[in-house]
$ cat final_7.txt   # compact mmCIF, C-alpha atoms and all ligand atoms
# COMPACT_ATOMS: atom_id res chain seq x y z
CA ASP A 12 0.00 0.00 0.00
CA PRO A 13 1.87 3.10 -1.22
CA GLU A 14 -0.05 5.42 1.11
CA VAL A 15 0.98 3.47 4.22
CA LYS A 16 4.57 3.49 2.94
CA LYS A 17 4.36 7.28 2.63
CA GLY A 18 2.91 7.45 6.13
CA VAL A 19 5.73 5.35 7.59
CA GLU A 20 8.31 7.56 5.84
CA ALA A 21 6.62 10.72 7.11
CA VAL A 22 6.60 9.36 10.67
CA GLU A 23 10.27 8.50 10.33
CA ARG A 24 10.98 12.09 9.25
CA GLY A 25 9.03 13.42 12.25
CA GLU A 26 6.16 14.82 10.16
CA MET A 27 2.47 14.96 11.05
CA VAL A 28 0.19 12.29 9.61
CA PHE A 29 -3.53 11.69 10.10
CA ILE A 30 -5.20 8.43 11.13
CA PHE A 31 -8.94 7.69 10.89
CA ASP A 32 -9.67 4.55 12.93
CA SER A 33 -12.76 3.10 11.23
CA ASP A 34 -16.44 3.74 10.58
CA SER A 35 -17.31 0.86 12.92
CA ARG A 36 -15.26 2.18 15.82
CA GLU A 37 -14.89 5.80 17.04
CA GLY A 38 -15.13 7.20 13.55
CA GLU A 39 -12.53 9.79 14.51
CA THR A 40 -9.40 11.16 12.87
CA ASP A 41 -6.35 11.97 15.00
CA PHE A 42 -3.35 14.17 14.36
CA VAL A 43 -0.34 11.82 14.79
CA ILE A 44 3.36 12.62 15.18
CA ALA A 45 6.44 11.01 16.75
CA ALA A 46 6.97 12.01 20.39
CA SER A 47 10.69 12.42 19.74
CA ALA A 48 9.97 14.99 17.00
CA ILE A 49 7.13 17.09 18.40
CA THR A 50 7.80 20.83 18.85
CA PRO A 51 5.82 23.52 20.70
CA ASP A 52 4.50 24.63 17.28
CA ASP A 53 3.12 21.13 16.66
CA VAL A 54 1.36 21.19 20.05
CA ARG A 55 -0.20 24.54 19.09
CA TRP A 56 -1.25 23.13 15.72
CA MET A 57 -2.87 20.08 17.33
CA ARG A 58 -4.78 22.02 19.96
CA ARG A 59 -5.98 24.70 17.55
CA ASP A 60 -6.89 22.61 14.52
CA GLY A 61 -7.41 19.25 16.26
CA GLY A 62 -8.94 20.39 19.50
CA GLY A 63 -9.17 16.96 21.12
CA LEU A 64 -6.99 15.58 23.88
CA ILE A 65 -3.24 15.58 23.29
CA CYS A 66 -2.06 12.14 24.39
CA THR A 67 1.17 10.18 24.20
CA ALA A 68 0.83 6.54 23.19
CA LEU A 69 3.57 4.15 24.30
CA ALA A 70 4.23 0.59 23.15
CA ASP A 71 3.28 -2.07 25.67
CA GLU A 72 6.88 -3.24 26.16
CA VAL A 73 7.97 0.36 26.83
CA CYS A 74 5.26 0.68 29.50
CA THR A 75 6.41 -2.57 31.06
CA THR A 76 10.01 -1.37 31.14
CA LEU A 77 9.03 2.00 32.64
CA GLY A 78 6.43 0.45 34.96
CA LEU A 79 3.44 2.39 33.59
CA PRO A 80 0.02 0.91 34.47
CA PHE A 81 -3.39 1.22 32.86
CA MET A 82 -5.40 3.85 34.73
CA ALA A 83 -8.19 1.27 35.13
CA ASP A 84 -5.88 -1.06 37.07
CA LEU A 85 -4.70 1.77 39.29
CA LEU A 86 -8.28 2.85 40.02
CA ALA A 87 -9.33 -0.73 40.72
CA GLU A 88 -6.70 -0.86 43.44
CA GLY A 89 -8.18 2.25 45.07
CA ALA A 90 -11.75 0.99 44.89
CA GLY A 91 -11.98 -0.26 48.47
CA ARG A 92 -10.46 2.87 49.87
CA TRP A 93 -12.38 5.71 48.15
CA PRO A 94 -16.18 5.57 47.81
CA ALA A 95 -16.25 7.45 44.49
CA ILE A 96 -13.71 5.05 43.02
CA GLY A 97 -15.72 2.05 44.18
CA ASN A 98 -17.74 1.38 41.04
CA ILE A 99 -16.18 3.94 38.70
CA VAL A 100 -13.71 1.72 36.88
CA GLU A 101 -14.78 0.99 33.32
CA GLN A 102 -16.33 -2.45 32.85
CA ALA A 103 -16.70 -4.51 29.70
CA GLY A 104 -19.64 -2.92 27.89
CA ASP A 105 -19.12 0.59 29.28
CA LEU A 106 -17.53 1.93 26.09
CA ALA A 107 -19.62 2.15 22.96
CA TYR A 108 -16.64 1.87 20.60
CA ASP A 109 -14.22 -0.64 22.16
CA SER A 110 -13.87 -3.13 25.00
CA ARG A 111 -11.55 -0.87 27.01
CA SER A 112 -9.73 2.44 26.89
CA SER A 113 -5.95 2.68 26.65
CA PHE A 114 -5.51 5.40 29.28
CA SER A 115 -2.57 5.23 31.64
CA ILE A 116 -1.57 8.06 34.01
CA TRP A 117 -1.13 11.82 33.38
CA VAL A 118 2.34 13.32 33.75
CA ASN A 119 4.49 16.46 33.54
CA HIS A 120 8.26 16.49 33.13
CA ARG A 121 9.88 17.83 36.30
CA ASP A 122 11.42 20.76 34.35
CA THR A 123 7.99 22.17 33.46
CA ARG A 124 6.25 24.82 35.56
CA THR A 125 2.48 24.42 35.20
CA GLY A 126 2.84 21.81 32.45
CA ILE A 127 0.19 23.13 30.04
CA PRO A 128 1.88 25.72 27.75
CA ASP A 129 2.96 24.46 24.35
CA ASN A 130 6.63 24.41 25.33
CA ASP A 131 5.89 22.55 28.59
CA ARG A 132 3.85 19.87 26.86
CA ALA A 133 6.39 19.49 24.04
CA LEU A 134 9.15 19.11 26.63
CA THR A 135 7.23 16.48 28.60
CA ILE A 136 6.52 14.56 25.39
CA ASN A 137 10.10 14.80 24.04
CA LYS A 138 11.39 13.54 27.39
CA LEU A 139 8.91 10.65 27.31
CA ALA A 140 10.45 9.54 24.03
CA GLU A 141 13.92 10.00 25.50
CA ILE A 142 13.34 7.92 28.64
CA SER A 143 11.57 5.26 26.57
CA GLU A 144 14.57 4.97 24.27
CA LYS A 145 16.92 4.72 27.25
CA GLY A 146 14.76 1.98 28.74
CA ARG A 147 14.72 0.14 25.42
CA ASN A 148 18.51 0.28 25.32
CA GLY A 149 18.70 -1.41 28.69
CA GLU A 150 19.68 1.67 30.70
CA ALA A 151 18.32 1.70 34.25
CA VAL A 152 15.62 4.38 34.42
CA VAL A 153 13.44 5.58 37.31
CA PHE A 154 10.38 7.23 35.76
CA GLY A 155 9.54 9.36 38.81
CA ASP A 156 13.03 10.88 38.85
CA ASP A 157 12.13 12.76 35.64
CA PHE A 158 8.32 13.02 35.74
CA ARG A 159 5.62 13.88 38.24
CA ALA A 160 1.93 13.03 38.35
CA PRO A 161 -0.76 14.23 38.04
CA GLY A 162 0.28 16.23 35.02
CA HIS A 163 -1.00 17.62 31.73
CA VAL A 164 0.02 14.95 29.24
CA ALA A 165 -2.20 11.87 29.10
CA LEU A 166 -0.35 8.63 28.54
CA LEU A 167 -1.90 5.77 26.59
CA ARG A 168 -0.69 2.20 26.91
CA ALA A 169 -0.88 0.30 23.65
CA ALA A 170 -2.21 -3.26 23.65
CA GLU A 171 0.26 -6.12 23.53
CA GLY A 172 0.54 -7.26 19.90
CA LEU A 173 -0.90 -3.88 18.83
CA VAL A 174 -3.56 -4.24 16.11
CA GLU A 175 -3.92 -7.97 16.80
CA ASN A 176 -5.73 -7.05 20.00
CA ARG A 177 -7.00 -3.48 19.65
CA ARG A 178 -7.31 -1.03 16.76
CA GLY A 179 -7.41 2.42 18.27
CA GLN A 180 -5.12 5.23 17.21
CA THR A 181 -3.07 4.17 20.25
CA GLU A 182 -2.10 0.93 18.50
CA LEU A 183 -2.27 2.22 14.92
CA SER A 184 0.16 5.07 15.64
CA VAL A 185 2.61 2.83 17.50
CA ALA A 186 2.44 0.32 14.62
CA LEU A 187 3.56 3.09 12.24
CA ALA A 188 6.44 3.93 14.60
CA GLN A 189 7.55 0.31 14.73
CA MET A 190 7.55 0.02 10.95
CA ALA A 191 9.46 3.31 10.76
CA GLY A 192 12.06 1.96 13.17
CA ILE A 193 11.72 4.90 15.56
CA THR A 194 11.06 4.95 19.32
CA PRO A 195 7.51 3.53 19.61
CA VAL A 196 6.11 6.56 21.41
CA MET A 197 3.61 8.67 19.46
CA VAL A 198 1.44 11.72 20.04
CA VAL A 199 -2.23 11.71 19.03
CA CYS A 200 -5.00 14.32 19.18
CA GLU A 201 -8.57 13.96 17.89
CA MET A 202 -9.92 16.35 15.26
CA LEU A 203 -13.15 18.05 16.28
CA ASP A 204 -15.47 20.08 14.06
CA ASP A 205 -15.61 23.76 15.06
CA THR A 206 -19.00 24.20 13.39
CA ASN A 207 -20.86 21.63 15.51
CA GLY A 208 -18.48 20.34 18.19
CA LYS A 209 -18.67 16.77 16.93
CA ALA A 210 -15.85 14.60 15.64
CA LEU A 211 -14.70 15.99 12.30
CA SER A 212 -16.07 13.87 9.46
CA LYS A 213 -13.70 11.56 7.62
CA GLU A 214 -14.20 13.53 4.41
CA ASP A 215 -13.38 16.85 6.06
CA ALA A 216 -10.38 15.32 7.82
CA ARG A 217 -9.08 13.91 4.54
CA THR A 218 -9.49 17.28 2.84
CA TYR A 219 -7.68 18.98 5.72
CA ALA A 220 -4.76 16.53 5.47
CA GLN A 221 -4.52 17.07 1.70
CA LEU A 222 -4.58 20.83 2.15
CA HIS A 223 -1.59 20.54 4.49
CA GLY A 224 0.26 18.06 2.29
CA CYS A 225 -0.01 15.32 4.90
CA VAL A 226 -0.69 11.60 4.57
CA PHE A 227 -4.18 10.43 5.59
CA LEU A 228 -4.57 6.76 6.55
CA GLU A 229 -7.40 4.53 7.69
CA GLY A 230 -6.99 1.87 10.38
CA ALA A 231 -7.67 -1.02 7.99
CA GLN A 232 -4.82 0.04 5.68
CA ILE A 233 -2.33 0.22 8.55
CA THR A 234 -3.56 -3.07 10.05
CA LYS A 235 -3.08 -4.95 6.78
CA VAL A 236 0.43 -3.62 6.13
CA TYR A 237 1.47 -4.04 9.77
CA LYS A 238 0.41 -7.71 9.85
CA GLU A 239 2.42 -8.38 6.68
CA TRP A 240 5.37 -6.53 8.21
CA VAL A 241 5.17 -8.59 11.43
CA ALA A 242 5.06 -11.82 9.40
CA ARG A 243 8.31 -10.81 7.67
CA GLN A 244 10.18 -10.09 10.93
C1 LIG B 301 -7.69 9.76 23.76
C2 LIG B 301 -8.61 9.01 22.90
C3 LIG B 301 -8.38 9.05 21.44
O1 LIG B 301 -9.47 8.54 20.76
C4 LIG B 301 -7.10 8.46 20.93
O2 LIG B 301 -7.28 8.23 19.56
C5 LIG B 301 -6.61 7.20 21.57
O3 LIG B 301 -7.61 6.29 21.86
P1 LIG B 301 -7.96 5.00 21.04
O4 LIG B 301 -6.72 4.16 20.93
O5 LIG B 301 -9.01 4.34 21.89
O6 LIG B 301 -8.49 5.41 19.70
O7 LIG B 301 -9.58 8.49 23.34
O8 LIG B 301 -8.03 11.09 23.70
ZN ZN B 302 -10.48 7.17 21.86
CA CA B 303 -9.25 7.25 18.74
$ encode --input "final_7.txt" --output "structure tokens" --more "lines below"
Ligand code: 5RP
Ligand code: ZN
Ligand code: CA
Amino acid sequence: DPEVKKGVEAVERGEMVFIFDSDSREGETDFVIAASAITPDDVRWMRRDGGGLICTALADEVCTTLGLPFMADLLAEGAGRWPAIGNIVEQAGDLAYDSRSSFSIWVNHRDTRTGIPDNDRALTINKLAEISEKGRNGEAVVFGDDFRAPGHVALLRAAEGLVENRRGQTELSVALAQMAGITPVMVVCEMLDDTNGKALSKEDARTYAQLHGCVFLEGAQITKVYKEWVARQ
């Protein structure tokens, strides 16, 4: 698929790409860029023209190395202690579009002040890529030495086996990173429609991507190419 190839090359170069998951899932398009490459200008671009939540998706093995949990598991552990947490944790069937969310914790890098300005969020995200790469290279890392929580960057933990087990932008974006051979830590942000507040339609998202000279991919395209890529490894 030449479009997926272009997408992988763009991700490798640190450029923005767009991923629509599928009509049968969220039906949303996300801005997607490598965490190692994101700049404060990219954060501004995502929050102005995307308008969703700016999240950092990390490969499952990176989360294991760093010790990052799913938020749902963390909340489940607090259930007996805090009445509001008691029955709050998402259950199978709670989400209309998937069996579970990919949310992990929220963090700020320790060198940020409030954590929300474009430069603070870009720094937190760049440093997430950095510590992930160190962890992957076998260096001993202590996540809390560099980051504090709660913070202003939402972390997402990708499913083990990526698209084999879940097909959100969390997994689709990390699959692109793997094929690109870069640190499997990616930034995503949903595109919302300023005229009605809903998710931007696929057609409008595709037009927007074209206007900005960016690759637009659908989940099914990435899934197919990724499975073939895995089979070749
Ligand atoms: C976080 C989200 C987004 O939809 C994002 O695309 C990641 O989630 P998923 O992998 O479920 O699509 O919910 O803002
Ligand atoms: Zn989502
Ligand atoms: Ca999504």
$ residues_around --input "final_7.txt" --residues "A:Ala21" --least-positions-apart "4" --cutoff "12 Å" --atoms "only C-alpha atoms" --output "list of chain:residue names"
A:Glu14, A:Val15, A:Lys16, A:Lys17, A:Gly25, A:Glu26, A:Met27, A:Val28, A:Phe29, A:Val43, A:Ile44, A:Ala45, A:Ala48, A:Leu187, A:Ala188, A:Met190, A:Ala191, A:Gly192, A:Ile193, A:Gly224, A:Cys225, A:Val226, A:Phe227, A:Leu228
$ residues_near_ligand --input "final_7.txt" --ligand "ligand ZN 302 (chain B)" --cutoff "12 Å" --atoms "all atoms listed in the file" --output "mmCIF file with C-alpha atoms, keeping the file's coordinate frame"
data_model
loop_
_atom_site.group_PDB
_atom_site.id
_atom_site.type_symbol
_atom_site.label_atom_id
_atom_site.label_comp_id
_atom_site.auth_asym_id
_atom_site.auth_seq_id
_atom_site.Cartn_x
_atom_site.Cartn_y
_atom_site.Cartn_z
ATOM 1 C CA PHE A 31 -8.940 7.690 10.890
ATOM 2 C CA ASP A 32 -9.670 4.550 12.930
ATOM 3 C CA SER A 33 -12.760 3.100 11.230
ATOM 4 C CA ARG A 36 -15.260 2.180 15.820
ATOM 5 C CA GLU A 37 -14.890 5.800 17.040
ATOM 6 C CA GLY A 38 -15.130 7.200 13.550
ATOM 7 C CA GLU A 39 -12.530 9.790 14.510
ATOM 8 C CA THR A 40 -9.400 11.160 12.870
ATOM 9 C CA ASP A 41 -6.350 11.970 15.000
ATOM 10 C CA GLY A 63 -9.170 16.960 21.120
ATOM 11 C CA LEU A 64 -6.990 15.580 23.880
ATOM 12 C CA ILE A 65 -3.240 15.580 23.290
ATOM 13 C CA CYS A 66 -2.060 12.140 24.390
ATOM 14 C CA ALA A 68 0.830 6.540 23.190
ATOM 15 C CA LEU A 106 -17.530 1.930 26.090
ATOM 16 C CA ALA A 107 -19.620 2.150 22.960
ATOM 17 C CA TYR A 108 -16.640 1.870 20.600
ATOM 18 C CA ASP A 109 -14.220 -0.640 22.160
ATOM 19 C CA SER A 110 -13.870 -3.130 25.000
ATOM 20 C CA ARG A 111 -11.550 -0.870 27.010
ATOM 21 C CA SER A 112 -9.730 2.440 26.890
ATOM 22 C CA SER A 113 -5.950 2.680 26.650
ATOM 23 C CA PHE A 114 -5.510 5.400 29.280
ATOM 24 C CA ALA A 165 -2.200 11.870 29.100
ATOM 25 C CA LEU A 167 -1.900 5.770 26.590
ATOM 26 C CA ALA A 169 -0.880 0.300 23.650
ATOM 27 C CA ARG A 177 -7.000 -3.480 19.650
ATOM 28 C CA ARG A 178 -7.310 -1.030 16.760
ATOM 29 C CA GLY A 179 -7.410 2.420 18.270
ATOM 30 C CA GLN A 180 -5.120 5.230 17.210
ATOM 31 C CA THR A 181 -3.070 4.170 20.250
ATOM 32 C CA GLU A 182 -2.100 0.930 18.500
ATOM 33 C CA LEU A 183 -2.270 2.220 14.920
ATOM 34 C CA VAL A 199 -2.230 11.710 19.030
ATOM 35 C CA CYS A 200 -5.000 14.320 19.180
ATOM 36 C CA GLU A 201 -8.570 13.960 17.890
ATOM 37 C CA MET A 202 -9.920 16.350 15.260
ATOM 38 C CA ALA A 210 -15.850 14.600 15.640
#
$ atom_distance --input "final_7.txt" --atom1 "atom CA of A:Asp205" --atom2 "atom O8 of ligand LIG 301 (chain B)"
17.1 Å
$ residues_around --input "final_7.txt" --residues "A:Glu72" --least-positions-apart "2" --cutoff "10 Å" --atoms "only C-alpha atoms" --output "ChimeraX atom specification"
/A:69-70,74-79,143,146-147,168-172,195
$ residues_around --input "final_7.txt" --residues "A:Lys138" --least-positions-apart "6" --cutoff "9 Å" --atoms "all atoms listed in the file" --output "compact mmCIF listing (two decimals) with C-alpha atoms, in the coordinates of the input"
# COMPACT_ATOMS: atom_id res chain seq x y z
CA ALA A 46 6.97 12.01 20.39
CA SER A 47 10.69 12.42 19.74
CA HIS A 120 8.26 16.49 33.13
CA ASP A 157 12.13 12.76 35.64
CA PHE A 158 8.32 13.02 35.74
$ closest_residue --input "final_7.txt" --among "A:Arg159, A:Val164, A:Asn130, A:Trp93" --to "ligand LIG 301 (chain B)" --atoms "only C-alpha atoms and all ligand atoms"
A:Val164
$ closest_residue --input "final_7.txt" --among "A:Leu86, A:Val174, A:Leu203, A:Met197" --to "A:Gln232" --atoms "all atoms listed in the file"
A:Val174
$ atom_distance --input "final_7.txt" --atom1 "atom CA of A:Trp56" --atom2 "atom CA of A:His223"
11.5 Å
$ closest_residue --input "final_7.txt" --among "A:Ile142, A:Leu211, A:Ile30, A:Ala133" --to "A:Asp60" --atoms "all atoms listed in the file"
A:Leu211
$ axis_aligned_box --input "final_7.txt" --around "ligand LIG 301 (chain B)" --padding-each-side "8 Å" --output "JSON"
{"center_x": -8.1, "center_y": 7.6, "center_z": 21.7, "size_x": 19.0, "size_y": 22.9, "size_z": 20.2}
